[in-house]
file query-v2.tsv (TSV, C-alpha atoms and all ligand atoms)
chain	number	residue	atom	x	y	z
A	286	MET	CA	127.42	-43.57	64.05
A	287	ASP	CA	124.99	-45.19	66.51
A	288	LEU	CA	122.17	-46.71	64.49
A	289	GLN	CA	119.95	-47.00	67.56
A	290	THR	CA	119.68	-43.30	68.47
A	291	ALA	CA	116.36	-41.58	67.93
A	292	GLU	CA	118.19	-38.83	66.08
A	293	PHE	CA	119.66	-41.23	63.52
A	294	ARG	CA	116.35	-43.06	63.05
A	295	GLU	CA	114.53	-39.77	62.49
A	296	ALA	CA	117.19	-38.56	60.05
A	297	GLN	CA	117.14	-41.66	57.88
A	298	ALA	CA	113.33	-41.84	57.98
A	299	LYS	CA	113.17	-38.21	56.85
A	300	ILE	CA	115.37	-38.84	53.81
A	301	TRP	CA	113.37	-41.95	52.87
A	302	SER	CA	110.04	-40.19	53.20
A	303	GLN	CA	111.23	-37.10	51.32
A	304	ALA	CA	112.67	-39.22	48.52
A	305	PHE	CA	109.21	-40.81	48.17
A	306	SER	CA	107.21	-37.62	48.69
A	307	PHE	CA	106.65	-37.39	44.93
A	308	ALA	CA	104.36	-40.43	45.26
A	309	ASN	CA	101.46	-38.35	46.61
A	310	CYS	CA	101.89	-35.81	43.79
A	311	ALA	CA	102.02	-38.52	41.13
A	312	ALA	CA	98.99	-40.32	42.60
A	313	LEU	CA	97.06	-37.02	42.69
A	314	LYS	CA	97.84	-36.36	39.03
A	315	CYS	CA	96.83	-39.93	38.14
A	316	ALA	CA	93.50	-39.41	39.97
A	317	VAL	CA	92.84	-36.26	37.91
A	318	LYS	CA	93.78	-37.95	34.63
A	319	LEU	CA	91.66	-41.05	35.35
A	320	GLY	CA	88.71	-38.93	36.51
A	321	ILE	CA	88.32	-40.79	39.82
A	322	ALA	CA	86.55	-37.93	41.63
A	323	ASP	CA	83.99	-37.47	38.83
A	324	ALA	CA	83.33	-41.23	38.63
A	325	ILE	CA	82.49	-41.29	42.36
A	326	ASP	CA	80.44	-38.10	42.23
A	327	ASN	CA	78.45	-39.22	39.19
A	328	HIS	CA	77.29	-42.35	40.97
A	329	ASP	CA	73.94	-42.29	42.81
A	330	LYS	CA	75.51	-43.62	46.02
A	331	LYS	CA	78.36	-41.05	45.89
A	332	ALA	CA	80.69	-43.92	46.79
A	333	LEU	CA	82.18	-46.71	44.66
A	334	THR	CA	83.58	-50.10	45.59
A	335	LEU	CA	86.81	-51.19	43.98
A	336	SER	CA	85.02	-53.33	41.39
A	337	GLU	CA	82.59	-50.50	40.56
A	338	LEU	CA	85.46	-48.03	40.26
A	339	THR	CA	87.38	-50.46	38.04
A	340	GLU	CA	84.38	-50.67	35.73
A	341	GLU	CA	83.49	-46.96	35.78
A	342	LEU	CA	87.05	-45.98	34.88
A	343	SER	CA	87.29	-48.69	32.17
A	344	ILE	CA	90.35	-50.13	33.87
A	345	LYS	CA	91.50	-53.58	32.82
A	346	PRO	CA	90.22	-56.06	35.46
A	347	SER	CA	93.72	-57.52	35.75
A	348	LYS	CA	94.88	-54.08	37.00
A	349	SER	CA	92.14	-53.77	39.62
A	350	PRO	CA	94.41	-54.90	42.52
A	351	PHE	CA	96.80	-52.10	41.55
A	352	LEU	CA	93.95	-49.59	41.47
A	353	GLN	CA	93.24	-50.64	45.05
A	354	ARG	CA	96.85	-49.75	45.93
A	355	LEU	CA	96.52	-46.36	44.21
A	356	MET	CA	93.33	-45.73	46.19
A	357	ARG	CA	95.10	-46.67	49.42
A	358	GLN	CA	97.78	-44.07	48.64
A	359	LEU	CA	95.12	-41.46	47.83
A	360	VAL	CA	93.07	-42.26	50.95
A	361	ASN	CA	96.17	-42.16	53.12
A	362	ALA	CA	97.01	-38.72	51.71
A	363	GLY	CA	93.48	-37.47	52.51
A	364	PHE	CA	92.30	-37.05	48.92
A	365	PHE	CA	89.57	-39.69	49.26
A	366	THR	CA	87.98	-41.54	52.14
A	367	GLU	CA	86.77	-45.08	52.68
A	368	ALA	CA	83.17	-45.63	53.67
A	369	LYS	CA	81.50	-48.88	54.66
A	370	GLN	CA	78.40	-49.79	52.69
A	371	LEU	CA	76.07	-52.77	52.54
A	372	ARG	CA	76.96	-55.26	49.84
A	373	ASP	CA	74.43	-55.23	46.97
A	374	ASP	CA	74.57	-59.00	46.68
A	375	ASN	CA	74.23	-59.81	50.34
A	376	LYS	CA	71.16	-59.86	52.54
A	377	ASP	CA	72.87	-60.78	55.83
A	378	GLY	CA	74.08	-57.26	56.51
A	379	ARG	CA	77.68	-57.76	55.43
A	380	THR	CA	79.46	-54.57	54.39
A	381	THR	CA	82.07	-53.71	51.84
A	382	THR	CA	84.46	-50.78	51.48
A	383	ALA	CA	83.61	-47.99	49.09
A	384	TYR	CA	85.59	-44.90	48.17
A	385	ALA	CA	84.03	-41.49	48.68
A	386	LEU	CA	85.04	-37.88	48.14
A	387	THR	CA	86.61	-35.61	50.75
A	388	PRO	CA	86.52	-31.78	50.63
A	389	VAL	CA	89.92	-32.08	48.91
A	390	SER	CA	88.80	-34.35	46.07
A	391	ARG	CA	85.70	-32.18	45.53
A	392	LEU	CA	88.24	-29.66	44.15
A	393	LEU	CA	89.12	-32.19	41.42
A	394	LEU	CA	85.58	-32.36	39.99
A	395	LYS	CA	85.24	-31.07	36.43
A	396	ASN	CA	82.05	-29.14	37.18
A	397	GLU	CA	83.20	-27.72	40.50
A	398	GLN	CA	83.58	-23.96	40.02
A	399	TRP	CA	86.50	-23.83	42.47
A	400	ASN	CA	88.30	-26.84	40.96
A	401	LEU	CA	92.09	-26.91	40.95
A	402	ARG	CA	92.59	-29.50	38.21
A	403	GLY	CA	94.61	-27.07	36.07
A	404	ILE	CA	96.97	-26.30	38.96
A	405	VAL	CA	97.65	-30.04	39.47
A	406	LEU	CA	98.15	-30.72	35.77
A	407	THR	CA	100.41	-27.71	35.22
A	408	MET	CA	102.69	-28.17	38.23
A	409	LEU	CA	103.08	-31.87	37.43
A	410	ASP	CA	103.40	-31.44	33.67
A	411	PRO	CA	106.52	-33.21	32.32
A	412	ALA	CA	107.79	-29.90	30.88
A	413	GLU	CA	107.71	-28.29	34.34
A	414	LEU	CA	109.23	-31.33	36.06
A	415	LYS	CA	112.03	-31.49	33.50
A	416	ALA	CA	113.07	-27.97	34.53
A	417	TRP	CA	113.18	-29.00	38.23
A	418	SER	CA	115.29	-32.01	37.29
A	419	VAL	CA	118.10	-29.92	35.76
A	420	LEU	CA	118.38	-27.43	38.63
A	421	ASN	CA	121.81	-28.73	39.62
A	422	ASP	CA	123.10	-28.32	36.02
A	423	TRP	CA	121.71	-24.79	35.85
A	424	PHE	CA	123.65	-23.72	38.95
A	425	LYS	CA	126.85	-24.42	36.98
A	426	ASN	CA	125.96	-23.11	33.52
A	427	ASP	CA	125.22	-19.64	32.12
A	428	ASP	CA	121.58	-20.19	31.14
A	429	PRO	CA	119.19	-17.53	32.44
A	430	THR	CA	116.81	-20.14	33.92
A	431	ALA	CA	116.66	-23.87	34.64
A	432	PHE	CA	113.62	-23.95	32.34
A	433	GLN	CA	115.91	-22.71	29.56
A	434	THR	CA	118.45	-25.44	30.39
A	435	ALA	CA	115.70	-28.04	30.12
A	436	HIS	CA	114.00	-26.75	26.96
A	437	GLU	CA	116.48	-24.39	25.25
A	438	LYS	CA	113.78	-21.70	25.31
A	439	ASN	CA	112.36	-19.38	27.90
A	440	TYR	CA	109.06	-20.25	29.60
A	441	TRP	CA	106.88	-17.90	27.55
A	442	ASP	CA	108.38	-18.88	24.16
A	443	TYR	CA	108.03	-22.58	25.05
A	444	THR	CA	104.41	-22.04	26.12
A	445	ALA	CA	103.63	-20.08	22.94
A	446	GLU	CA	104.95	-22.96	20.80
A	447	ASN	CA	103.35	-25.84	22.74
A	448	THR	CA	99.60	-25.74	22.46
A	449	GLN	CA	99.06	-28.39	25.13
A	450	HIS	CA	101.27	-26.64	27.70
A	451	CYS	CA	99.64	-23.32	26.84
A	452	GLN	CA	96.20	-24.83	27.42
A	453	ILE	CA	96.95	-26.39	30.82
A	454	PHE	CA	98.80	-23.25	31.95
A	455	GLU	CA	95.81	-21.07	31.01
A	456	ASP	CA	93.49	-23.52	32.81
A	457	ALA	CA	95.67	-23.28	35.92
A	458	MET	CA	95.55	-19.49	35.82
A	459	ALA	CA	91.79	-19.57	35.32
A	460	ASN	CA	91.41	-21.96	38.31
A	461	ASP	CA	92.96	-19.43	40.65
A	462	SER	CA	91.29	-16.46	39.00
A	463	VAL	CA	87.78	-17.82	39.63
A	464	LEU	CA	88.37	-17.61	43.38
A	465	VAL	CA	90.14	-14.26	43.21
A	466	SER	CA	87.41	-12.75	40.97
A	467	LYS	CA	84.76	-13.75	43.46
A	468	LEU	CA	86.63	-11.98	46.26
A	469	LEU	CA	87.34	-8.90	44.13
A	470	VAL	CA	83.71	-8.31	43.20
A	471	THR	CA	82.48	-8.88	46.76
A	472	GLU	CA	84.88	-8.14	49.62
A	473	TYR	CA	87.23	-5.91	47.60
A	474	LYS	CA	84.66	-4.13	45.43
A	475	PHE	CA	85.72	-0.80	46.97
A	476	LEU	CA	89.07	-0.99	45.13
A	477	PHE	CA	87.33	-0.54	41.77
A	478	GLU	CA	84.67	1.98	42.68
A	479	GLY	CA	84.98	5.22	40.72
A	480	LEU	CA	87.38	3.77	38.14
A	481	THR	CA	86.50	4.25	34.47
A	482	SER	CA	89.10	2.02	32.78
A	483	LEU	CA	91.27	-0.90	33.85
A	484	ILE	CA	93.90	-3.01	32.12
A	485	ASP	CA	94.40	-6.55	33.40
A	486	LEU	CA	98.06	-6.76	32.40
A	487	GLY	CA	99.04	-10.35	31.62
A	488	GLY	CA	95.37	-11.12	32.21
A	489	SER	CA	95.51	-14.46	30.36
A	490	THR	CA	92.13	-15.49	28.93
A	491	GLY	CA	90.25	-12.88	30.95
A	492	THR	CA	88.60	-14.70	33.88
A	493	ILE	CA	89.06	-11.73	36.21
A	494	ALA	CA	88.39	-9.02	33.62
A	495	LYS	CA	85.12	-10.74	32.65
A	496	ALA	CA	83.97	-10.76	36.30
A	497	LEU	CA	84.94	-7.10	36.76
A	498	ALA	CA	83.29	-6.05	33.49
A	499	LYS	CA	80.07	-7.75	34.62
A	500	SER	CA	80.09	-6.25	38.12
A	501	PHE	CA	81.07	-2.76	36.94
A	502	PRO	CA	79.18	-2.09	33.68
A	503	ASN	CA	80.73	1.41	33.45
A	504	LEU	CA	84.29	0.13	33.80
A	505	LYS	CA	86.07	-0.40	30.47
A	506	CYS	CA	88.18	-3.53	31.00
A	507	THR	CA	91.09	-4.49	28.75
A	508	VAL	CA	92.93	-7.80	28.94
A	509	PHE	CA	96.46	-7.16	27.70
A	510	ASP	CA	98.51	-10.32	27.15
A	511	LEU	CA	100.84	-11.91	24.62
A	512	PRO	CA	99.24	-12.02	21.13
A	513	HIS	CA	98.85	-15.85	21.00
A	514	VAL	CA	97.07	-15.85	24.39
A	515	VAL	CA	94.36	-13.34	23.44
A	516	ALA	CA	94.02	-14.26	19.75
A	517	ASN	CA	90.40	-15.16	18.88
A	518	LEU	CA	88.99	-14.10	22.28
A	519	GLU	CA	85.75	-12.25	21.85
A	520	SER	CA	85.36	-8.69	23.09
A	521	THR	CA	82.03	-7.57	24.59
A	522	LYS	CA	80.49	-4.18	25.43
A	523	ASN	CA	82.99	-3.15	28.14
A	524	LEU	CA	85.64	-5.88	27.74
A	525	GLU	CA	88.32	-6.06	25.09
A	526	PHE	CA	91.40	-8.22	24.46
A	527	VAL	CA	94.63	-6.63	23.26
A	528	GLY	CA	97.76	-8.51	22.24
A	529	GLY	CA	101.12	-6.95	23.02
A	530	ASP	CA	104.25	-6.83	25.16
A	531	MET	CA	104.02	-5.37	28.65
A	532	PHE	CA	107.56	-4.00	28.28
A	533	GLU	CA	106.37	-1.77	25.41
A	534	LYS	CA	104.08	1.26	25.70
A	535	LEU	CA	100.72	0.44	27.31
A	536	PRO	CA	97.38	2.05	26.43
A	537	PRO	CA	96.44	4.89	28.84
A	538	SER	CA	94.26	3.59	31.67
A	539	ASN	CA	92.82	4.63	35.01
A	540	ALA	CA	94.00	1.47	36.75
A	541	ILE	CA	96.22	-1.51	36.00
A	542	LEU	CA	95.81	-4.93	37.60
A	543	LEU	CA	98.84	-7.21	37.87
A	544	LYS	CA	97.88	-10.65	39.18
A	545	TRP	CA	100.67	-13.22	39.49
A	546	ILE	CA	102.78	-11.12	37.12
A	547	LEU	CA	105.60	-9.53	39.08
A	548	HIS	CA	106.66	-12.79	40.77
A	549	ASP	CA	107.59	-14.01	37.25
A	550	TRP	CA	110.22	-11.28	36.84
A	551	ASN	CA	113.44	-10.13	38.50
A	552	ASP	CA	113.58	-6.76	40.25
A	553	GLU	CA	114.97	-4.91	37.25
A	554	ASP	CA	112.18	-6.13	34.95
A	555	CYS	CA	109.54	-5.48	37.62
A	556	VAL	CA	110.68	-1.86	37.89
A	557	LYS	CA	110.40	-1.54	34.09
A	558	ILE	CA	106.87	-3.00	34.13
A	559	LEU	CA	105.78	-0.81	37.04
A	560	LYS	CA	107.23	2.34	35.43
A	561	ASN	CA	105.33	1.45	32.26
A	562	CYS	CA	102.15	1.13	34.31
A	563	LYS	CA	102.76	4.49	35.96
A	564	LYS	CA	103.12	6.17	32.55
A	565	ALA	CA	99.88	4.61	31.30
A	566	ILE	CA	98.03	5.78	34.42
A	567	GLN	CA	99.43	9.29	34.29
A	568	GLU	CA	98.52	9.64	30.61
A	569	LYS	CA	94.93	9.01	31.61
A	570	GLY	CA	95.10	11.65	34.41
A	571	ASN	CA	92.97	11.82	37.61
A	572	GLY	CA	95.04	9.81	40.06
A	573	GLY	CA	94.56	6.18	39.22
A	574	LYS	CA	96.28	3.15	40.74
A	575	VAL	CA	98.05	-0.14	40.21
A	576	ILE	CA	96.50	-3.16	41.90
A	577	ILE	CA	98.96	-5.99	42.46
A	578	ILE	CA	97.74	-9.45	43.47
A	579	ASP	CA	100.65	-11.62	44.51
A	580	THR	CA	102.21	-13.31	47.50
A	581	VAL	CA	103.69	-11.35	50.39
A	582	VAL	CA	106.04	-14.00	51.69
A	583	TYR	CA	105.83	-15.03	55.35
A	584	SER	CA	102.85	-12.78	56.04
A	585	GLN	CA	101.18	-15.90	57.52
A	586	LYS	CA	104.10	-16.81	59.79
A	587	ASN	CA	101.99	-19.00	62.05
A	588	GLU	CA	100.53	-21.20	59.33
A	589	LYS	CA	103.23	-23.71	58.48
A	590	GLU	CA	101.43	-25.18	55.46
A	591	LEU	CA	101.10	-21.72	53.84
A	592	VAL	CA	104.72	-20.80	54.59
A	593	ASP	CA	105.88	-24.15	53.11
A	594	LEU	CA	103.76	-23.44	50.03
A	595	GLN	CA	105.21	-19.94	49.61
A	596	ILE	CA	108.75	-21.30	49.86
A	597	SER	CA	107.96	-23.94	47.22
A	598	MET	CA	106.28	-21.35	44.98
A	599	ASP	CA	109.41	-19.24	45.31
A	600	MET	CA	111.49	-22.21	44.10
A	601	ALA	CA	109.16	-22.58	41.11
A	602	MET	CA	109.80	-18.89	40.30
A	603	VAL	CA	113.56	-19.49	40.55
A	604	ILE	CA	113.39	-22.49	38.22
A	605	ASN	CA	111.07	-21.10	35.58
A	606	PHE	CA	112.01	-17.43	35.59
A	607	ALA	CA	115.01	-16.77	37.89
A	608	ALA	CA	112.46	-14.59	39.71
A	609	LYS	CA	111.01	-14.56	43.22
A	610	GLU	CA	108.16	-14.33	45.71
A	611	ARG	CA	108.70	-11.16	47.75
A	612	THR	CA	108.55	-10.09	51.38
A	613	GLU	CA	106.79	-6.90	52.46
A	614	GLU	CA	110.15	-5.07	52.50
A	615	GLU	CA	111.02	-6.30	49.00
A	616	TRP	CA	107.65	-5.09	47.67
A	617	GLU	CA	108.19	-1.69	49.30
A	618	HIS	CA	111.61	-1.42	47.67
A	619	LEU	CA	110.26	-2.28	44.18
A	620	ILE	CA	107.37	0.14	44.44
A	621	ARG	CA	109.67	2.96	45.57
A	622	GLU	CA	112.22	2.20	42.83
A	623	ALA	CA	109.47	2.46	40.21
A	624	GLY	CA	108.64	5.98	41.46
A	625	PHE	CA	105.26	5.39	43.12
A	626	SER	CA	104.29	7.56	46.08
A	627	GLY	CA	102.78	4.94	48.36
A	628	HIS	CA	100.96	1.64	48.75
A	629	LYS	CA	98.71	-0.35	51.04
A	630	ILE	CA	98.73	-4.13	51.56
A	631	PHE	CA	95.53	-6.10	52.15
A	632	PRO	CA	96.04	-9.75	53.14
A	633	MET	CA	93.47	-11.29	50.79
A	634	TYR	CA	93.10	-15.05	51.04
A	635	ASP	CA	95.66	-17.55	52.32
A	636	PHE	CA	98.90	-16.88	50.43
A	637	ARG	CA	97.42	-14.14	48.22
A	638	SER	CA	97.63	-10.43	49.06
A	639	ILE	CA	96.44	-7.28	47.33
A	640	ILE	CA	98.84	-4.34	47.11
A	641	GLU	CA	97.16	-1.08	46.12
A	642	VAL	CA	99.80	1.24	44.67
A	643	TYR	CA	99.37	4.99	44.22
A	644	PRO	CA	101.21	7.00	41.48
B	701	LIG	C1	101.47	-16.21	35.73
B	701	LIG	S1	100.47	-15.74	34.40
B	701	LIG	C2	99.20	-14.80	35.20
B	701	LIG	C3	97.90	-14.78	34.45
B	701	LIG	C4	96.77	-14.01	35.11
B	701	LIG	N1	97.14	-12.67	35.49
B	701	LIG	C5	96.25	-14.77	36.30
B	701	LIG	O1	96.69	-14.56	37.43
B	701	LIG	O2	95.40	-15.65	36.11
B	701	LIG	C6	101.43	-14.52	33.59
B	701	LIG	C7	100.80	-13.96	32.33
B	701	LIG	O3	101.70	-13.00	31.77
B	701	LIG	C8	101.65	-13.12	30.36
B	701	LIG	N2	102.88	-12.53	29.81
B	701	LIG	C9	104.14	-13.02	29.87
B	701	LIG	N3	105.01	-12.18	29.26
B	701	LIG	C10	104.28	-11.14	28.81
B	701	LIG	C11	104.60	-9.94	28.09
B	701	LIG	N4	105.87	-9.65	27.74
B	701	LIG	N5	103.60	-9.09	27.78
B	701	LIG	C12	102.32	-9.37	28.10
B	701	LIG	N6	101.94	-10.47	28.80
B	701	LIG	C13	102.91	-11.35	29.15
B	701	LIG	C14	101.52	-14.61	30.15
B	701	LIG	O4	101.05	-14.93	28.86
B	701	LIG	C15	100.57	-15.01	31.26
B	701	LIG	O5	99.23	-14.96	30.84
call {"tool": "encode", "arguments": {"input": "query-v2.tsv", "output": "structure tokens"}}
result
Amino acid sequence: MDLQTAEFREAQAKIWSQAFSFANCAALKCAVKLGIADAIDNHDKKALTLSELTEELSIKPSKSPFLQRLMRQLVNAGFFTEAKQLRDDNKDGRTTTAYALTPVSRLLLKNEQWNLRGIVLTMLDPAELKAWSVLNDWFKNDDPTAFQTAHEKNYWDYTAENTQHCQIFEDAMANDSVLVSKLLVTEYKFLFEGLTSLIDLGGSTGTIAKALAKSFPNLKCTVFDLPHVVANLESTKNLEFVGGDMFEKLPPSNAILLKWILHDWNDEDCVKILKNCKKAIQEKGNGGKVIIIDTVVYSQKNEKELVDLQISMDMAMVINFAAKERTEEEWEHLIREAGFSGHKIFPMYDFRSIIEVYP
């Protein structure tokens, strides 16, 4: 092998950089856990020097040089930026470097309504990473999922038994649902007009159902999720929480919303869930619909970052659930198999699409 060819250099550089690509993820998680974005944002100048950041984060002064290295990693990855500012102690105009937020790190702020802190903490939770780390073992054993190989339980049983994992998972779901709710009650309001009842199946702690119940006071919204998820959640005038199993009989309803549900299940289970939904809608009478919010893989062919993300999300579905993200053809097949008469796809926002399904 000729070590001097461009091809060889590129190949070995690619392996090195991929083997270290976890460093950006780990640094991002560390930034969330330390609260770096909030420390910067809470400061009057909206920028902090290394010594100020060391103090604000209560970091041991002896570790300050290492904090500088973490910040370099985070700046290099585009999470933060470096700004020049006048030194407080210097009257001759000398400047010092201070760290400031970028549009990316604004999404790590605790009080930012669109924050994605839960997504970062869930995807990089040790329980999730352990499942990725046993993927090779899983390919050679009989376990249903790599998550099962890692934890000897399926994802939902593990989450039910681990309060901390349950909490960060629910936070992650709520993170995404804030954005989706906003779009549903504005740009996609027409989907809900005329409906009298809706079940948000697997609706977690109800972020979307709450937004719909508020925007449509005459729509009776029900969040139907596993009993431990909805226990102790307070119902209001047109919003109620019901604990149960989506594979069992569902309450009759005009419409059923399935957001990020079907990608957690294999085709056979999806058909069971969809058939269950159809029964619940038909029992209510008057048409009705299922509204699926999920990924339609490769629908943004020209946007490499989104395609990369969808491929990685698909791997996460393999690892946790032996399930999948689906292409338009795969969605069509599922919907037909479940006995629905038709559907329409609306590309919603980045990697999210809405699929309106008619009984
Ligand atoms: C990926 S999360 C989606 C949550 C929510 N729809 C959202 O997008 O924010 C899947 C949800 O399905 C729920 N779930 C899993 N198995 C279930 C079952 N057998 N019956 C009812 N809900 C279930 C989980 O508790 C979880 O809240």
call {"tool": "closest_atom_pairs", "arguments": {"input": "query-v2.tsv", "of": "chain A", "to": "ligand LIG 701 (chain B)", "cutoff": "9 Å", "atoms": "only C-alpha atoms and all ligand atoms", "output": "CSV"}}
result
residue,atom,partner,partner_atom,distance
A:Tyr440,CA,B:LIG701,C9,8.7
A:Trp441,CA,B:LIG701,C9,6.1
A:Thr444,CA,B:LIG701,O4,8.3
A:Ala445,CA,B:LIG701,O4,8.3
A:Cys451,CA,B:LIG701,O4,8.7
A:Phe454,CA,B:LIG701,S1,8.1
A:Glu455,CA,B:LIG701,O5,7.0
A:Asp456,CA,B:LIG701,O2,8.7
A:Ala457,CA,B:LIG701,O2,7.6
A:Met458,CA,B:LIG701,O2,3.9
A:Ala459,CA,B:LIG701,O2,5.4
A:Asn460,CA,B:LIG701,O2,7.8
A:Asp461,CA,B:LIG701,O2,6.4
A:Ser462,CA,B:LIG701,O2,5.1
A:Val463,CA,B:LIG701,O2,8.7
A:Val465,CA,B:LIG701,O1,8.7
A:Asp485,CA,B:LIG701,N1,7.0
A:Leu486,CA,B:LIG701,N6,6.5
A:Gly487,CA,B:LIG701,O3,3.8
A:Gly488,CA,B:LIG701,N1,4.0
A:Ser489,CA,B:LIG701,O5,3.8
A:Thr490,CA,B:LIG701,O5,7.4
A:Gly491,CA,B:LIG701,O2,7.8
A:Thr492,CA,B:LIG701,O2,7.2
A:Ile493,CA,B:LIG701,O2,7.5
A:Phe509,CA,B:LIG701,C12,6.3
A:Asp510,CA,B:LIG701,N6,3.8
A:Leu511,CA,B:LIG701,C12,4.6
A:Pro512,CA,B:LIG701,C12,8.1
A:His513,CA,B:LIG701,O4,8.2
A:Val514,CA,B:LIG701,O4,6.1
A:Val515,CA,B:LIG701,O4,8.8
A:Gly528,CA,B:LIG701,C12,7.5
A:Gly529,CA,B:LIG701,C12,5.8
A:Asp530,CA,B:LIG701,N5,3.5
A:Met531,CA,B:LIG701,N5,3.8
A:Phe532,CA,B:LIG701,N4,5.9
A:Glu533,CA,B:LIG701,N5,8.2
A:Leu542,CA,B:LIG701,N1,8.1
A:Leu543,CA,B:LIG701,N1,6.2
A:Lys544,CA,B:LIG701,N1,4.3
A:Trp545,CA,B:LIG701,O1,4.7
A:Ile546,CA,B:LIG701,C6,5.1
A:Leu547,CA,B:LIG701,C6,8.5
A:His548,CA,B:LIG701,C1,8.0
A:Asp549,CA,B:LIG701,C1,6.7
A:Ile578,CA,B:LIG701,O1,8.0
A:Asp579,CA,B:LIG701,O1,8.6
call {"tool": "closest_residue", "arguments": {"input": "query-v2.tsv", "among": "A:Asn551, A:Lys395, A:Gly573, A:Ala516", "to": "Thr481 in chain A", "atoms": "all atoms listed in the file"}}
result
A:Gly573
call {"tool": "closest_atom_pairs", "arguments": {"input": "query-v2.tsv", "of": "range 330-395 of chain A", "to": "range 321-324 of chain A", "cutoff": "12 Å", "atoms": "all atoms listed in the file", "output": "JSON lines"}}
result
{"residue": "A:Lys330", "atom": "CA", "partner": "A:Ala324", "partner_atom": "CA", "distance": 11.0}
{"residue": "A:Lys331", "atom": "CA", "partner": "A:Ala324", "partner_atom": "CA", "distance": 8.8}
{"residue": "A:Ala332", "atom": "CA", "partner": "A:Ala324", "partner_atom": "CA", "distance": 9.0}
{"residue": "A:Leu333", "atom": "CA", "partner": "A:Ala324", "partner_atom": "CA", "distance": 8.2}
{"residue": "A:Thr334", "atom": "CA", "partner": "A:Ala324", "partner_atom": "CA", "distance": 11.3}
{"residue": "A:Leu335", "atom": "CA", "partner": "A:Ile321", "partner_atom": "CA", "distance": 11.3}
{"residue": "A:Glu337", "atom": "CA", "partner": "A:Ala324", "partner_atom": "CA", "distance": 9.5}
{"residue": "A:Leu338", "atom": "CA", "partner": "A:Ala324", "partner_atom": "CA", "distance": 7.3}
{"residue": "A:Thr339", "atom": "CA", "partner": "A:Ile321", "partner_atom": "CA", "distance": 9.9}
{"residue": "A:Glu340", "atom": "CA", "partner": "A:Ala324", "partner_atom": "CA", "distance": 9.9}
{"residue": "A:Glu341", "atom": "CA", "partner": "A:Ala324", "partner_atom": "CA", "distance": 6.4}
{"residue": "A:Leu342", "atom": "CA", "partner": "A:Ala324", "partner_atom": "CA", "distance": 7.1}
{"residue": "A:Ser343", "atom": "CA", "partner": "A:Ala324", "partner_atom": "CA", "distance": 10.6}
{"residue": "A:Ile344", "atom": "CA", "partner": "A:Ile321", "partner_atom": "CA", "distance": 11.3}
{"residue": "A:Leu352", "atom": "CA", "partner": "A:Ile321", "partner_atom": "CA", "distance": 10.6}
{"residue": "A:Leu355", "atom": "CA", "partner": "A:Ile321", "partner_atom": "CA", "distance": 10.8}
{"residue": "A:Met356", "atom": "CA", "partner": "A:Ile321", "partner_atom": "CA", "distance": 9.5}
{"residue": "A:Leu359", "atom": "CA", "partner": "A:Ile321", "partner_atom": "CA", "distance": 10.5}
{"residue": "A:Phe364", "atom": "CA", "partner": "A:Ala322", "partner_atom": "CA", "distance": 9.3}
{"residue": "A:Phe365", "atom": "CA", "partner": "A:Ala322", "partner_atom": "CA", "distance": 8.4}
{"residue": "A:Thr366", "atom": "CA", "partner": "A:Ala322", "partner_atom": "CA", "distance": 11.2}
{"residue": "A:Tyr384", "atom": "CA", "partner": "A:Ala322", "partner_atom": "CA", "distance": 9.6}
{"residue": "A:Ala385", "atom": "CA", "partner": "A:Ala322", "partner_atom": "CA", "distance": 8.3}
{"residue": "A:Leu386", "atom": "CA", "partner": "A:Ala322", "partner_atom": "CA", "distance": 6.7}
{"residue": "A:Thr387", "atom": "CA", "partner": "A:Ala322", "partner_atom": "CA", "distance": 9.4}
{"residue": "A:Pro388", "atom": "CA", "partner": "A:Ala322", "partner_atom": "CA", "distance": 10.9}
{"residue": "A:Val389", "atom": "CA", "partner": "A:Ala322", "partner_atom": "CA", "distance": 9.9}
{"residue": "A:Ser390", "atom": "CA", "partner": "A:Ala322", "partner_atom": "CA", "distance": 6.1}
{"residue": "A:Arg391", "atom": "CA", "partner": "A:Ala322", "partner_atom": "CA", "distance": 7.0}
{"residue": "A:Leu392", "atom": "CA", "partner": "A:Ala322", "partner_atom": "CA", "distance": 8.8}
{"residue": "A:Leu393", "atom": "CA", "partner": "A:Ala322", "partner_atom": "CA", "distance": 6.3}
{"residue": "A:Leu394", "atom": "CA", "partner": "A:Asp323", "partner_atom": "CA", "distance": 5.5}
{"residue": "A:Lys395", "atom": "CA", "partner": "A:Asp323", "partner_atom": "CA", "distance": 6.9}
call {"tool": "residues_around", "arguments": {"input": "query-v2.tsv", "residues": "Ile484 in chain A", "least_positions_apart": "5", "cutoff": "9 Å", "atoms": "all atoms listed in the file", "output": "list in words"}}
result
Ala494, Lys505, Cys506, Thr507, Val508, Phe509, Pro536, Pro537, Ser538, Asn539, Ala540, Ile541, Leu542 and Leu543 of chain A
call {"tool": "closest_residue", "arguments": {"input": "query-v2.tsv", "among": "A:Met408, A:Ala308, A:Val419, A:Ile630", "to": "Ser597 in chain A", "atoms": "all atoms listed in the file"}}
result
A:Met408
